[in-house]
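K.L.:
Sharing a structure with you now.
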Amino acid sequence: MKGRILLCDDEVTILRAAAFKLARAGFIVEEAYDGEEAWSKIVVNPPDVLITDYQMPRLTGLELIARLRSQPQFSEIAIVLLTAKGFELPCKELCAKWAIHRIVDKPFSPRELLQIVEAIFAERPKPAIAAV
């Protein structure tokens with residue numbers, strides 16, 4: 001198992017294409033269709049990586065991220081924000097303020113998303129193995 005990913009987007013085609021690509025690469029992928037559903041899943045079983053859309057019903061991606069970052073127990077979750085409004089957003093400021101790993105413009109390639117996720121896992125420190 002490479003790691004757990006929670007993929008959150010209200011556009012089913014985007015969600016399914018990305019989930020398929022990530023799962024084929026060996027990741028465990030859970031899906032949510034809005035920010036509230038994602039939050040419920042995070043509380044029960046926190047993922048290693050959250051990939052969330054910016055614009056969603058009930059709880060936007062940014063509101064979800066703010067809620068996540070307000071809870072210290074979720075500080076290690078890496079975040080990728082998907083958006084169709086990348087040119088309108090202050091990306092550097094958002095990344096700095098909310099510890100967002102990457103903001104990805106829509107439309108995007110599932111292959112590009114996989115490369116981003118693999119880079120996130122490659123950057124993480126490996127657990128120490130106890131000497132016997």
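Please note that chains go A, B, ... in the order of the structure tokens, that every chain numbers its residues from 1, and that ligands are numbered from 1 in the order shown.
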Write out as a ChimeraX atom specification the residues lying within 6 Å of segment 100-107 of chain A, counting only C-alpha atoms and excluding same-chain residues fewer than 5 positions away.

P.N.:
/A:79-84,86,95

K.L.:
For Gly61 of chain A, find every residue with an atom within 12 Å (counting only C-alpha atoms), except residues of its own chain fewer than 6 positions away, and show them as a PDB file with N, CA, C and O atoms, in the first residue's frame.

P.N.:
ATOM      1  N   LEU A   7     -10.248  11.970  -2.065  1.00  0.00           N
ATOM      2  CA  LEU A   7     -10.465  12.775  -3.263  1.00  0.00           C
ATOM      3  C   LEU A   7     -11.867  13.366  -3.180  1.00  0.00           C
ATOM      4  O   LEU A   7     -12.844  12.627  -3.076  1.00  0.00           O
ATOM      5  N   CYS A   8     -11.958  14.691  -3.208  1.00  0.00           N
ATOM      6  CA  CYS A   8     -13.235  15.365  -3.000  1.00  0.00           C
ATOM      7  C   CYS A   8     -13.515  16.334  -4.144  1.00  0.00           C
ATOM      8  O   CYS A   8     -12.780  17.301  -4.348  1.00  0.00           O
ATOM      9  N   ASP A   9     -14.592  16.060  -4.889  1.00  0.00           N
ATOM     10  CA  ASP A   9     -14.999  16.926  -5.998  1.00  0.00           C
ATOM     11  C   ASP A   9     -16.458  16.648  -6.299  1.00  0.00           C
ATOM     12  O   ASP A   9     -16.892  15.498  -6.246  1.00  0.00           O
ATOM     13  N   ASP A  10     -17.223  17.675  -6.613  1.00  0.00           N
ATOM     14  CA  ASP A  10     -18.636  17.483  -6.923  1.00  0.00           C
ATOM     15  C   ASP A  10     -18.869  17.134  -8.394  1.00  0.00           C
ATOM     16  O   ASP A  10     -19.992  16.845  -8.791  1.00  0.00           O
ATOM     17  N   ALA A  32     -15.354  11.640  -1.929  1.00  0.00           N
ATOM     18  CA  ALA A  32     -16.394  12.454  -1.297  1.00  0.00           C
ATOM     19  C   ALA A  32     -16.881  13.445  -2.349  1.00  0.00           C
ATOM     20  O   ALA A  32     -16.118  13.872  -3.213  1.00  0.00           O
ATOM     21  N   TYR A  33     -18.154  13.782  -2.269  1.00  0.00           N
ATOM     22  CA  TYR A  33     -18.771  14.631  -3.290  1.00  0.00           C
ATOM     23  C   TYR A  33     -18.971  16.077  -2.862  1.00  0.00           C
ATOM     24  O   TYR A  33     -19.402  16.902  -3.659  1.00  0.00           O
ATOM     25  N   ASP A  34     -18.666  16.389  -1.610  1.00  0.00           N
ATOM     26  CA  ASP A  34     -18.689  17.777  -1.142  1.00  0.00           C
ATOM     27  C   ASP A  34     -17.844  17.873   0.123  1.00  0.00           C
ATOM     28  O   ASP A  34     -17.411  16.859   0.665  1.00  0.00           O
ATOM     29  N   GLY A  35     -17.625  19.088   0.577  1.00  0.00           N
ATOM     30  CA  GLY A  35     -16.750  19.309   1.719  1.00  0.00           C
ATOM     31  C   GLY A  35     -17.251  18.703   3.015  1.00  0.00           C
ATOM     32  O   GLY A  35     -16.452  18.215   3.824  1.00  0.00           O
ATOM     33  N   GLU A  36     -18.552  18.716   3.234  1.00  0.00           N
ATOM     34  CA  GLU A  36     -19.101  18.128   4.464  1.00  0.00           C
ATOM     35  C   GLU A  36     -18.875  16.619   4.499  1.00  0.00           C
ATOM     36  O   GLU A  36     -18.501  16.071   5.529  1.00  0.00           O
ATOM     37  N   GLU A  37     -19.101  15.958   3.370  1.00  0.00           N
ATOM     38  CA  GLU A  37     -18.867  14.515   3.308  1.00  0.00           C
ATOM     39  C   GLU A  37     -17.385  14.220   3.526  1.00  0.00           C
ATOM     40  O   GLU A  37     -17.021  13.287   4.241  1.00  0.00           O
ATOM     41  N   ALA A  38     -16.523  15.035   2.927  1.00  0.00           N
ATOM     42  CA  ALA A  38     -15.080  14.852   3.108  1.00  0.00           C
ATOM     43  C   ALA A  38     -14.699  15.018   4.579  1.00  0.00           C
ATOM     44  O   ALA A  38     -13.929  14.219   5.115  1.00  0.00           O
ATOM     45  N   TRP A  39     -15.244  16.039   5.227  1.00  0.00           N
ATOM     46  CA  TRP A  39     -14.920  16.280   6.630  1.00  0.00           C
ATOM     47  C   TRP A  39     -15.324  15.074   7.486  1.00  0.00           C
ATOM     48  O   TRP A  39     -14.561  14.631   8.348  1.00  0.00           O
ATOM     49  N   LEU A  50      -5.199  14.876   1.078  1.00  0.00           N
ATOM     50  CA  LEU A  50      -6.529  15.346   0.702  1.00  0.00           C
ATOM     51  C   LEU A  50      -6.394  16.087  -0.620  1.00  0.00           C
ATOM     52  O   LEU A  50      -5.591  17.020  -0.733  1.00  0.00           O
ATOM     53  N   ILE A  51      -7.167  15.658  -1.611  1.00  0.00           N
ATOM     54  CA  ILE A  51      -7.253  16.368  -2.880  1.00  0.00           C
ATOM     55  C   ILE A  51      -8.670  16.887  -2.951  1.00  0.00           C
ATOM     56  O   ILE A  51      -9.623  16.103  -2.963  1.00  0.00           O
ATOM     57  N   THR A  52      -8.831  18.201  -2.955  1.00  0.00           N
ATOM     58  CA  THR A  52     -10.170  18.771  -2.913  1.00  0.00           C
ATOM     59  C   THR A  52     -10.359  19.866  -3.948  1.00  0.00           C
ATOM     60  O   THR A  52      -9.431  20.623  -4.241  1.00  0.00           O
ATOM     61  N   ASP A  53     -11.561  19.924  -4.466  1.00  0.00           N
ATOM     62  CA  ASP A  53     -11.941  20.992  -5.374  1.00  0.00           C
ATOM     63  C   ASP A  53     -12.141  22.277  -4.573  1.00  0.00           C
ATOM     64  O   ASP A  53     -12.461  22.237  -3.385  1.00  0.00           O
ATOM     65  N   TYR A  54     -11.969  23.393  -5.221  1.00  0.00           N
ATOM     66  CA  TYR A  54     -12.160  24.698  -4.583  1.00  0.00           C
ATOM     67  C   TYR A  54     -13.641  25.030  -4.445  1.00  0.00           C
ATOM     68  O   TYR A  54     -14.095  25.436  -3.381  1.00  0.00           O
ATOM     69  N   GLN A  55     -14.410  24.851  -5.509  1.00  0.00           N
ATOM     70  CA  GLN A  55     -15.832  25.203  -5.511  1.00  0.00           C
ATOM     71  C   GLN A  55     -16.680  23.954  -5.389  1.00  0.00           C
ATOM     72  O   GLN A  55     -16.692  23.119  -6.290  1.00  0.00           O
ATOM     73  N   ARG A  67     -11.032  24.300   8.119  1.00  0.00           N
ATOM     74  CA  ARG A  67     -11.485  23.442   9.212  1.00  0.00           C
ATOM     75  C   ARG A  67     -10.408  22.405   9.546  1.00  0.00           C
ATOM     76  O   ARG A  67     -10.105  22.157  10.711  1.00  0.00           O
ATOM     77  N   LEU A  68      -9.826  21.820   8.530  1.00  0.00           N
ATOM     78  CA  LEU A  68      -8.784  20.820   8.711  1.00  0.00           C
ATOM     79  C   LEU A  68      -7.576  21.408   9.435  1.00  0.00           C
ATOM     80  O   LEU A  68      -7.062  20.831  10.398  1.00  0.00           O
ATOM     81  N   ILE A  79      -2.183  18.564   1.348  1.00  0.00           N
ATOM     82  CA  ILE A  79      -3.366  19.052   0.640  1.00  0.00           C
ATOM     83  C   ILE A  79      -3.012  19.492  -0.773  1.00  0.00           C
ATOM     84  O   ILE A  79      -2.040  20.217  -0.987  1.00  0.00           O
ATOM     85  N   VAL A  80      -3.856  19.052  -1.718  1.00  0.00           N
ATOM     86  CA  VAL A  80      -3.800  19.514  -3.102  1.00  0.00           C
ATOM     87  C   VAL A  80      -5.166  20.129  -3.388  1.00  0.00           C
ATOM     88  O   VAL A  80      -6.197  19.499  -3.166  1.00  0.00           O
ATOM     89  N   LEU A  81      -5.170  21.367  -3.856  1.00  0.00           N
ATOM     90  CA  LEU A  81      -6.414  22.077  -4.161  1.00  0.00           C
ATOM     91  C   LEU A  81      -6.594  22.137  -5.674  1.00  0.00           C
ATOM     92  O   LEU A  81      -5.709  22.607  -6.393  1.00  0.00           O
ATOM     93  N   LEU A  82      -7.735  21.653  -6.150  1.00  0.00           N
ATOM     94  CA  LEU A  82      -8.077  21.705  -7.565  1.00  0.00           C
ATOM     95  C   LEU A  82      -8.975  22.907  -7.794  1.00  0.00           C
ATOM     96  O   LEU A  82      -9.873  23.171  -6.988  1.00  0.00           O
ATOM     97  N   THR A  83      -8.766  23.632  -8.900  1.00  0.00           N
ATOM     98  CA  THR A  83      -9.602  24.796  -9.148  1.00  0.00           C
ATOM     99  C   THR A  83      -9.667  25.162 -10.615  1.00  0.00           C
ATOM    100  O   THR A  83      -8.691  25.021 -11.345  1.00  0.00           O
ATOM    101  N   LEU A  94      -2.439  31.625  -0.533  1.00  0.00           N
ATOM    102  CA  LEU A  94      -3.244  30.511  -0.036  1.00  0.00           C
ATOM    103  C   LEU A  94      -2.362  29.343   0.399  1.00  0.00           C
ATOM    104  O   LEU A  94      -2.595  28.742   1.452  1.00  0.00           O
ATOM    105  N   TRP A  98      -2.473  28.287   4.385  1.00  0.00           N
ATOM    106  CA  TRP A  98      -3.155  27.039   4.730  1.00  0.00           C
ATOM    107  C   TRP A  98      -2.283  25.795   4.558  1.00  0.00           C
ATOM    108  O   TRP A  98      -2.782  24.688   4.659  1.00  0.00           O
ATOM    109  N   ILE A 100      -0.981  24.472   1.921  1.00  0.00           N
ATOM    110  CA  ILE A 100      -1.431  23.698   0.771  1.00  0.00           C
ATOM    111  C   ILE A 100      -0.187  23.313  -0.022  1.00  0.00           C
ATOM    112  O   ILE A 100       0.644  24.162  -0.337  1.00  0.00           O
ATOM    113  N   ILE A 103      -1.590  23.843  -5.776  1.00  0.00           N
ATOM    114  CA  ILE A 103      -2.863  24.230  -6.380  1.00  0.00           C
ATOM    115  C   ILE A 103      -2.781  23.848  -7.847  1.00  0.00           C
ATOM    116  O   ILE A 103      -1.838  24.224  -8.543  1.00  0.00           O
TER     117      ILE A 103
END

K.L.:
One decimal, Å: what's the distance from atom CA of Val49 of chain A over to atom CA of Glu93 of chain A, could you say?

P.N.:
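Atom-to-atom, atom CA of Val49 of chain A and atom CA of Glu93 of chain A are spaced 20.3 Å apart.
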
K.L.:
List every residue of segment 10-43 of chain A that DSSP, applied to the backbone of this structure, places in strand (DSSP E or B), and write the result as a list in words.

P.N.:
Ile28, Val29, Glu30, Glu31 and Ala32 of chain A

K.L.:
One number please: atom CA of Lys97 of chain A to atom CA of Pro46 of chain A, in Å, one decimal.

P.N.:
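For atom CA of Lys97 of chain A relative to atom CA of Pro46 of chain A, the distance reads 21.0 Å.
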
K.L.:
What's around Gln115 of chain A at 12 Å? Count only C-alpha atoms, leave out sequence neighbours fewer than 6 positions away in its own chain, and write the answer as number ranges by chain.

P.N.:
A: 18, 21-22, 25, 80, 102, 104, 108-109, 121-122

K.L.:
May I have the selected residues written with N, CA, C and O atoms, as an mmCIF file, in the first residue's frame?

P.N.:
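Written file, again.cif:
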data_model
loop_
_atom_site.group_PDB
_atom_site.id
_atom_site.type_symbol
_atom_site.label_atom_id
_atom_site.label_comp_id
_atom_site.auth_asym_id
_atom_site.auth_seq_id
_atom_site.Cartn_x
_atom_site.Cartn_y
_atom_site.Cartn_z
ATOM 1 N N ALA A 18 -9.760 10.684 -11.796
ATOM 2 C CA ALA A 18 -8.623 10.827 -10.882
ATOM 3 C C ALA A 18 -8.523 9.623 -9.945
ATOM 4 O O ALA A 18 -7.428 9.095 -9.709
ATOM 5 N N LYS A 21 -7.050 6.571 -11.774
ATOM 6 C CA LYS A 21 -5.603 6.683 -12.017
ATOM 7 C C LYS A 21 -4.802 6.444 -10.730
ATOM 8 O O LYS A 21 -3.796 5.730 -10.731
ATOM 9 N N LEU A 22 -5.249 7.044 -9.630
ATOM 10 C CA LEU A 22 -4.541 6.912 -8.363
ATOM 11 C C LEU A 22 -4.635 5.487 -7.815
ATOM 12 O O LEU A 22 -3.655 4.940 -7.308
ATOM 13 N N ALA A 25 -2.388 3.088 -9.507
ATOM 14 C CA ALA A 25 -0.988 3.273 -9.113
ATOM 15 C C ALA A 25 -0.701 2.685 -7.726
ATOM 16 O O ALA A 25 0.429 2.757 -7.248
ATOM 17 N N VAL A 80 -3.856 19.052 -1.718
ATOM 18 C CA VAL A 80 -3.800 19.514 -3.102
ATOM 19 C C VAL A 80 -5.166 20.129 -3.388
ATOM 20 O O VAL A 80 -6.197 19.499 -3.166
ATOM 21 N N ARG A 102 -0.014 22.038 -3.115
ATOM 22 C CA ARG A 102 -0.056 22.435 -4.523
ATOM 23 C C ARG A 102 -1.465 22.836 -4.919
ATOM 24 O O ARG A 102 -2.424 22.255 -4.457
ATOM 25 N N VAL A 104 -3.762 23.059 -8.308
ATOM 26 C CA VAL A 104 -3.767 22.523 -9.662
ATOM 27 C C VAL A 104 -4.951 23.093 -10.427
ATOM 28 O O VAL A 104 -6.093 23.001 -9.971
ATOM 29 N N PHE A 108 -7.155 19.313 -15.664
ATOM 30 C CA PHE A 108 -5.836 18.761 -15.391
ATOM 31 C C PHE A 108 -5.791 17.333 -15.905
ATOM 32 O O PHE A 108 -6.822 16.709 -16.158
ATOM 33 N N SER A 109 -4.613 16.815 -16.016
ATOM 34 C CA SER A 109 -4.412 15.436 -16.445
ATOM 35 C C SER A 109 -4.349 14.551 -15.196
ATOM 36 O O SER A 109 -3.617 14.879 -14.255
ATOM 37 N N PHE A 121 4.470 11.890 -1.472
ATOM 38 C CA PHE A 121 4.896 10.719 -0.693
ATOM 39 C C PHE A 121 6.413 10.555 -0.713
ATOM 40 O O PHE A 121 6.999 10.117 0.274
ATOM 41 N N ALA A 122 7.061 10.917 -1.796
ATOM 42 C CA ALA A 122 8.523 10.816 -1.876
ATOM 43 C C ALA A 122 9.204 11.794 -0.921
ATOM 44 O O ALA A 122 10.287 11.512 -0.408
#

K.L.:
So how many Å separate atom CA of Lys2 of chain A and atom CA of Glu63 of chain A, to one decimal?

P.N.:
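Between atom CA of Lys2 of chain A and atom CA of Glu63 of chain A the gap is 27.7 Å.
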
K.L.:
Can you check which residues of chain A DSSP gives as helix (DSSP H, G or I) on the backbone and send them as a CSV table (one decimal) with N, CA, C and O atoms, in the first residue's frame?

P.N.:
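Done, and the output landed in out-v3.csv:
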chain,number,residue,atom,x,y,z
A,12,VAL,N,-18.5,14.4,-10.9
A,12,VAL,CA,-18.3,13.0,-10.9
A,12,VAL,C,-17.3,12.5,-11.9
A,12,VAL,O,-16.5,11.6,-11.6
A,13,THR,N,-17.3,13.1,-13.1
A,13,THR,CA,-16.3,12.6,-14.1
A,13,THR,C,-14.9,12.9,-13.7
A,13,THR,O,-14.0,12.0,-13.9
A,14,ILE,N,-14.6,14.0,-13.1
A,14,ILE,CA,-13.3,14.4,-12.6
A,14,ILE,C,-12.9,13.4,-11.5
A,14,ILE,O,-11.8,12.9,-11.4
A,15,LEU,N,-13.9,13.2,-10.6
A,15,LEU,CA,-13.6,12.4,-9.4
A,15,LEU,C,-13.3,11.0,-9.8
A,15,LEU,O,-12.3,10.4,-9.4
A,16,ARG,N,-14.0,10.4,-10.7
A,16,ARG,CA,-13.8,9.0,-11.2
A,16,ARG,C,-12.5,8.8,-11.9
A,16,ARG,O,-11.8,7.9,-11.7
A,17,ALA,N,-12.2,9.8,-12.8
A,17,ALA,CA,-11.0,9.7,-13.6
A,17,ALA,C,-9.8,9.7,-12.7
A,17,ALA,O,-8.8,8.9,-12.9
A,18,ALA,N,-9.8,10.7,-11.8
A,18,ALA,CA,-8.6,10.8,-10.9
A,18,ALA,C,-8.5,9.6,-9.9
A,18,ALA,O,-7.4,9.1,-9.7
A,19,ALA,N,-9.7,9.2,-9.4
A,19,ALA,CA,-9.7,8.0,-8.5
A,19,ALA,C,-9.1,6.8,-9.2
A,19,ALA,O,-8.3,6.0,-8.6
A,20,PHE,N,-9.5,6.6,-10.4
A,20,PHE,CA,-9.1,5.4,-11.2
A,20,PHE,C,-7.6,5.4,-11.4
A,20,PHE,O,-6.9,4.4,-11.1
A,21,LYS,N,-7.1,6.6,-11.8
A,21,LYS,CA,-5.6,6.7,-12.0
A,21,LYS,C,-4.8,6.4,-10.7
A,21,LYS,O,-3.8,5.7,-10.7
A,22,LEU,N,-5.2,7.0,-9.6
A,22,LEU,CA,-4.5,6.9,-8.4
A,22,LEU,C,-4.6,5.5,-7.8
A,22,LEU,O,-3.7,4.9,-7.3
A,23,ALA,N,-5.8,4.9,-7.9
A,23,ALA,CA,-6.0,3.5,-7.4
A,23,ALA,C,-5.1,2.5,-8.3
A,23,ALA,O,-4.5,1.6,-7.7
A,24,ARG,N,-5.1,2.7,-9.6
A,24,ARG,CA,-4.3,1.8,-10.4
A,24,ARG,C,-2.8,1.9,-10.1
A,24,ARG,O,-2.0,1.0,-10.3
A,35,GLY,N,-17.6,19.1,0.6
A,35,GLY,CA,-16.8,19.3,1.7
A,35,GLY,C,-17.3,18.7,3.0
A,35,GLY,O,-16.5,18.2,3.8
A,36,GLU,N,-18.6,18.7,3.2
A,36,GLU,CA,-19.1,18.1,4.5
A,36,GLU,C,-18.9,16.6,4.5
A,36,GLU,O,-18.5,16.1,5.5
A,37,GLU,N,-19.1,16.0,3.4
A,37,GLU,CA,-18.9,14.5,3.3
A,37,GLU,C,-17.4,14.2,3.5
A,37,GLU,O,-17.0,13.3,4.2
A,38,ALA,N,-16.5,15.0,2.9
A,38,ALA,CA,-15.1,14.9,3.1
A,38,ALA,C,-14.7,15.0,4.6
A,38,ALA,O,-13.9,14.2,5.1
A,39,TRP,N,-15.2,16.0,5.2
A,39,TRP,CA,-14.9,16.3,6.6
A,39,TRP,C,-15.3,15.1,7.5
A,39,TRP,O,-14.6,14.6,8.3
A,40,SER,N,-16.5,14.5,7.2
A,40,SER,CA,-17.0,13.4,8.0
A,40,SER,C,-16.0,12.2,7.8
A,40,SER,O,-15.7,11.5,8.8
A,41,LYS,N,-15.5,12.0,6.6
A,41,LYS,CA,-14.6,10.9,6.4
A,41,LYS,C,-13.2,11.2,7.0
A,41,LYS,O,-12.6,10.3,7.5
A,42,ILE,N,-12.8,12.4,7.0
A,42,ILE,CA,-11.5,12.8,7.6
A,42,ILE,C,-11.5,12.5,9.1
A,42,ILE,O,-10.5,12.0,9.7
A,43,VAL,N,-12.6,12.9,9.8
A,43,VAL,CA,-12.7,12.7,11.2
A,43,VAL,C,-12.6,11.2,11.6
A,43,VAL,O,-12.0,10.9,12.6
A,44,VAL,N,-13.3,10.4,10.8
A,44,VAL,CA,-13.3,8.9,11.1
A,44,VAL,C,-12.0,8.3,10.8
A,44,VAL,O,-11.5,7.4,11.5
A,61,GLY,N,-13.9,23.9,-0.8
A,61,GLY,CA,-12.6,23.3,-0.6
A,61,GLY,C,-11.8,24.2,0.4
A,61,GLY,O,-11.2,23.6,1.3
A,62,LEU,N,-11.9,25.5,0.3
A,62,LEU,CA,-11.2,26.3,1.2
A,62,LEU,C,-11.7,26.3,2.6
A,62,LEU,O,-11.0,26.3,3.6
A,63,GLU,N,-13.0,26.2,2.7
A,63,GLU,CA,-13.6,26.1,4.1
A,63,GLU,C,-13.2,24.7,4.7
A,63,GLU,O,-13.0,24.6,5.9
A,64,LEU,N,-13.2,23.7,3.9
A,64,LEU,CA,-12.7,22.4,4.3
A,64,LEU,C,-11.3,22.4,4.8
A,64,LEU,O,-10.9,21.9,5.9
A,65,ILE,N,-10.5,23.1,4.0
A,65,ILE,CA,-9.0,23.2,4.4
A,65,ILE,C,-8.9,24.0,5.7
A,65,ILE,O,-8.1,23.6,6.6
A,66,ALA,N,-9.6,25.1,5.8
A,66,ALA,CA,-9.6,25.9,7.0
A,66,ALA,C,-10.0,25.1,8.3
A,66,ALA,O,-9.3,25.2,9.3
A,67,ARG,N,-11.0,24.3,8.1
A,67,ARG,CA,-11.5,23.4,9.2
A,67,ARG,C,-10.4,22.4,9.5
A,67,ARG,O,-10.1,22.2,10.7
A,68,LEU,N,-9.8,21.8,8.5
A,68,LEU,CA,-8.8,20.8,8.7
A,68,LEU,C,-7.6,21.4,9.4
A,68,LEU,O,-7.1,20.8,10.4
A,69,ARG,N,-7.1,22.6,9.0
A,69,ARG,CA,-5.9,23.2,9.6
A,69,ARG,C,-6.2,23.7,11.0
A,69,ARG,O,-5.2,24.0,11.7
A,72,PRO,N,-5.2,20.5,15.2
A,72,PRO,CA,-3.7,20.0,15.2
A,72,PRO,C,-3.5,18.6,14.8
A,72,PRO,O,-2.5,18.2,14.2
A,73,GLN,N,-4.5,17.7,15.2
A,73,GLN,CA,-4.3,16.3,14.9
A,73,GLN,C,-4.3,16.0,13.4
A,73,GLN,O,-3.9,14.9,12.9
A,74,PHE,N,-4.7,17.0,12.5
A,74,PHE,CA,-4.7,16.8,11.1
A,74,PHE,C,-3.6,17.6,10.4
A,74,PHE,O,-3.6,17.7,9.2
A,91,CYS,N,-2.6,32.3,-5.3
A,91,CYS,CA,-2.1,31.0,-5.0
A,91,CYS,C,-1.0,30.9,-4.0
A,91,CYS,O,-1.0,30.1,-3.1
A,92,LYS,N,0.0,31.8,-4.1
A,92,LYS,CA,1.1,31.8,-3.2
A,92,LYS,C,0.6,32.1,-1.8
A,92,LYS,O,1.1,31.4,-0.8
A,93,GLU,N,-0.3,33.0,-1.6
A,93,GLU,CA,-0.8,33.4,-0.3
A,93,GLU,C,-1.6,32.3,0.3
A,93,GLU,O,-1.5,32.0,1.5
A,94,LEU,N,-2.4,31.6,-0.5
A,94,LEU,CA,-3.2,30.5,0.0
A,94,LEU,C,-2.4,29.3,0.4
A,94,LEU,O,-2.6,28.7,1.5
A,95,CYS,N,-1.4,29.0,-0.4
A,95,CYS,CA,-0.5,27.9,0.0
A,95,CYS,C,0.3,28.2,1.3
A,95,CYS,O,0.4,27.3,2.1
A,96,ALA,N,0.7,29.4,1.4
A,96,ALA,CA,1.4,29.8,2.7
A,96,ALA,C,0.5,29.8,3.9
A,96,ALA,O,0.9,29.3,4.9
A,97,LYS,N,-0.7,30.4,3.7
A,97,LYS,CA,-1.6,30.5,4.8
A,97,LYS,C,-2.1,29.2,5.3
A,97,LYS,O,-2.3,28.9,6.5
A,98,TRP,N,-2.5,28.3,4.4
A,98,TRP,CA,-3.2,27.0,4.7
A,98,TRP,C,-2.3,25.8,4.6
A,98,TRP,O,-2.8,24.7,4.7
A,110,PRO,N,-5.1,13.4,-15.2
A,110,PRO,CA,-4.9,12.5,-14.1
A,110,PRO,C,-3.5,12.1,-13.9
A,110,PRO,O,-3.0,11.8,-12.7
A,111,ARG,N,-2.7,12.0,-15.0
A,111,ARG,CA,-1.3,11.6,-14.9
A,111,ARG,C,-0.5,12.7,-14.1
A,111,ARG,O,0.3,12.4,-13.3
A,112,GLU,N,-0.8,14.0,-14.4
A,112,GLU,CA,-0.2,15.1,-13.6
A,112,GLU,C,-0.5,15.0,-12.1
A,112,GLU,O,0.3,15.2,-11.3
A,113,LEU,N,-1.8,14.7,-11.8
A,113,LEU,CA,-2.2,14.6,-10.4
A,113,LEU,C,-1.5,13.4,-9.7
A,113,LEU,O,-1.0,13.5,-8.6
A,114,LEU,N,-1.3,12.3,-10.4
A,114,LEU,CA,-0.6,11.2,-9.9
A,114,LEU,C,0.9,11.6,-9.6
A,114,LEU,O,1.4,11.2,-8.6
A,115,GLN,N,1.5,12.3,-10.5
A,115,GLN,CA,2.9,12.7,-10.3
A,115,GLN,C,3.0,13.6,-9.1
A,115,GLN,O,4.0,13.5,-8.3
A,116,ILE,N,2.0,14.5,-8.9
A,116,ILE,CA,2.0,15.4,-7.7
A,116,ILE,C,1.9,14.5,-6.4
A,116,ILE,O,2.7,14.8,-5.5
A,117,VAL,N,1.0,13.6,-6.4
A,117,VAL,CA,0.8,12.8,-5.2
A,117,VAL,C,2.1,11.9,-5.0
A,117,VAL,O,2.5,11.8,-3.8
A,118,GLU,N,2.6,11.3,-6.0
A,118,GLU,CA,3.9,10.5,-5.8
A,118,GLU,C,5.0,11.4,-5.3
A,118,GLU,O,5.8,11.0,-4.4
A,119,ALA,N,5.1,12.7,-5.7
A,119,ALA,CA,6.1,13.6,-5.2
A,119,ALA,C,5.9,13.9,-3.7
A,119,ALA,O,6.8,14.0,-2.9
A,120,ILE,N,4.6,14.0,-3.3
A,120,ILE,CA,4.3,14.3,-1.9
A,120,ILE,C,4.8,13.1,-1.0
A,120,ILE,O,5.4,13.3,0.0
A,121,PHE,N,4.5,11.9,-1.5
A,121,PHE,CA,4.9,10.7,-0.7
A,121,PHE,C,6.4,10.6,-0.7
A,121,PHE,O,7.0,10.1,0.3
A,122,ALA,N,7.1,10.9,-1.8
A,122,ALA,CA,8.5,10.8,-1.9
A,122,ALA,C,9.2,11.8,-0.9
A,122,ALA,O,10.3,11.5,-0.4
A,123,GLU,N,8.6,12.9,-0.7
A,123,GLU,CA,9.1,14.0,0.2
A,123,GLU,C,9.0,13.6,1.7
A,123,GLU,O,9.7,14.2,2.5

K.L.:
Tell me which protein, DNA and RNA residues are within 9 Å of Gly3 of chain A, counting only C-alpha atoms, leaving out same-chain ones fewer than 6 positions away, and put them as a list in words.

P.N.:
Gly26, Phe27, Ile28, Val29, Pro47, Asp48, Val49 and Phe121 of chain A

K.L.:
Let me see the file: selected residues, all heavy atoms, as a compact mmCIF listing (two decimals), in the first residue's frame.

P.N.:
# COMPACT_ATOMS: atom_id res chain seq x y z
N GLY A 26 -1.73 2.12 -7.08
CA GLY A 26 -1.51 1.46 -5.80
C GLY A 26 -1.95 2.21 -4.57
O GLY A 26 -1.73 1.74 -3.45
N PHE A 27 -2.58 3.37 -4.74
CA PHE A 27 -3.06 4.13 -3.59
C PHE A 27 -4.45 3.66 -3.20
O PHE A 27 -5.23 3.21 -4.05
CB PHE A 27 -3.11 5.62 -3.92
CG PHE A 27 -1.76 6.22 -4.13
CD1 PHE A 27 -1.26 6.42 -5.41
CD2 PHE A 27 -0.96 6.59 -3.05
CE1 PHE A 27 0.00 6.95 -5.61
CE2 PHE A 27 0.30 7.13 -3.24
CZ PHE A 27 0.78 7.32 -4.52
N ILE A 28 -4.78 3.76 -1.92
CA ILE A 28 -6.14 3.53 -1.46
C ILE A 28 -6.85 4.88 -1.61
O ILE A 28 -6.41 5.88 -1.04
CB ILE A 28 -6.16 3.07 0.01
CG1 ILE A 28 -5.49 1.72 0.13
CG2 ILE A 28 -7.60 3.04 0.53
CD1 ILE A 28 -5.29 1.27 1.54
N VAL A 29 -7.92 4.90 -2.38
CA VAL A 29 -8.61 6.15 -2.69
C VAL A 29 -10.04 6.09 -2.17
O VAL A 29 -10.78 5.16 -2.46
CB VAL A 29 -8.64 6.42 -4.21
CG1 VAL A 29 -9.34 7.74 -4.51
CG2 VAL A 29 -7.23 6.42 -4.78
N PRO A 47 -6.88 10.76 5.96
CA PRO A 47 -6.03 10.31 4.86
C PRO A 47 -4.62 10.86 4.99
O PRO A 47 -4.36 11.75 5.81
CB PRO A 47 -6.72 10.91 3.64
CG PRO A 47 -7.27 12.21 4.17
CD PRO A 47 -7.72 11.89 5.58
N ASP A 48 -3.73 10.36 4.18
CA ASP A 48 -2.38 10.93 4.09
C ASP A 48 -2.42 12.20 3.24
O ASP A 48 -1.69 13.16 3.50
CB ASP A 48 -1.42 9.93 3.44
CG ASP A 48 -1.30 8.66 4.26
OD1 ASP A 48 -0.96 8.75 5.45
OD2 ASP A 48 -1.55 7.58 3.70
N VAL A 49 -3.26 12.18 2.21
CA VAL A 49 -3.38 13.30 1.28
C VAL A 49 -4.85 13.60 1.04
O VAL A 49 -5.65 12.68 0.80
CB VAL A 49 -2.70 12.99 -0.08
CG1 VAL A 49 -2.89 14.13 -1.07
CG2 VAL A 49 -1.22 12.70 0.11
N PHE A 121 4.47 11.89 -1.47
CA PHE A 121 4.90 10.72 -0.69
C PHE A 121 6.41 10.55 -0.71
O PHE A 121 7.00 10.12 0.27
CB PHE A 121 4.20 9.45 -1.18
CG PHE A 121 2.79 9.33 -0.64
CD1 PHE A 121 1.71 9.75 -1.40
CD2 PHE A 121 2.57 8.82 0.62
CE1 PHE A 121 0.42 9.64 -0.91
CE2 PHE A 121 1.28 8.71 1.13
CZ PHE A 121 0.20 9.12 0.37
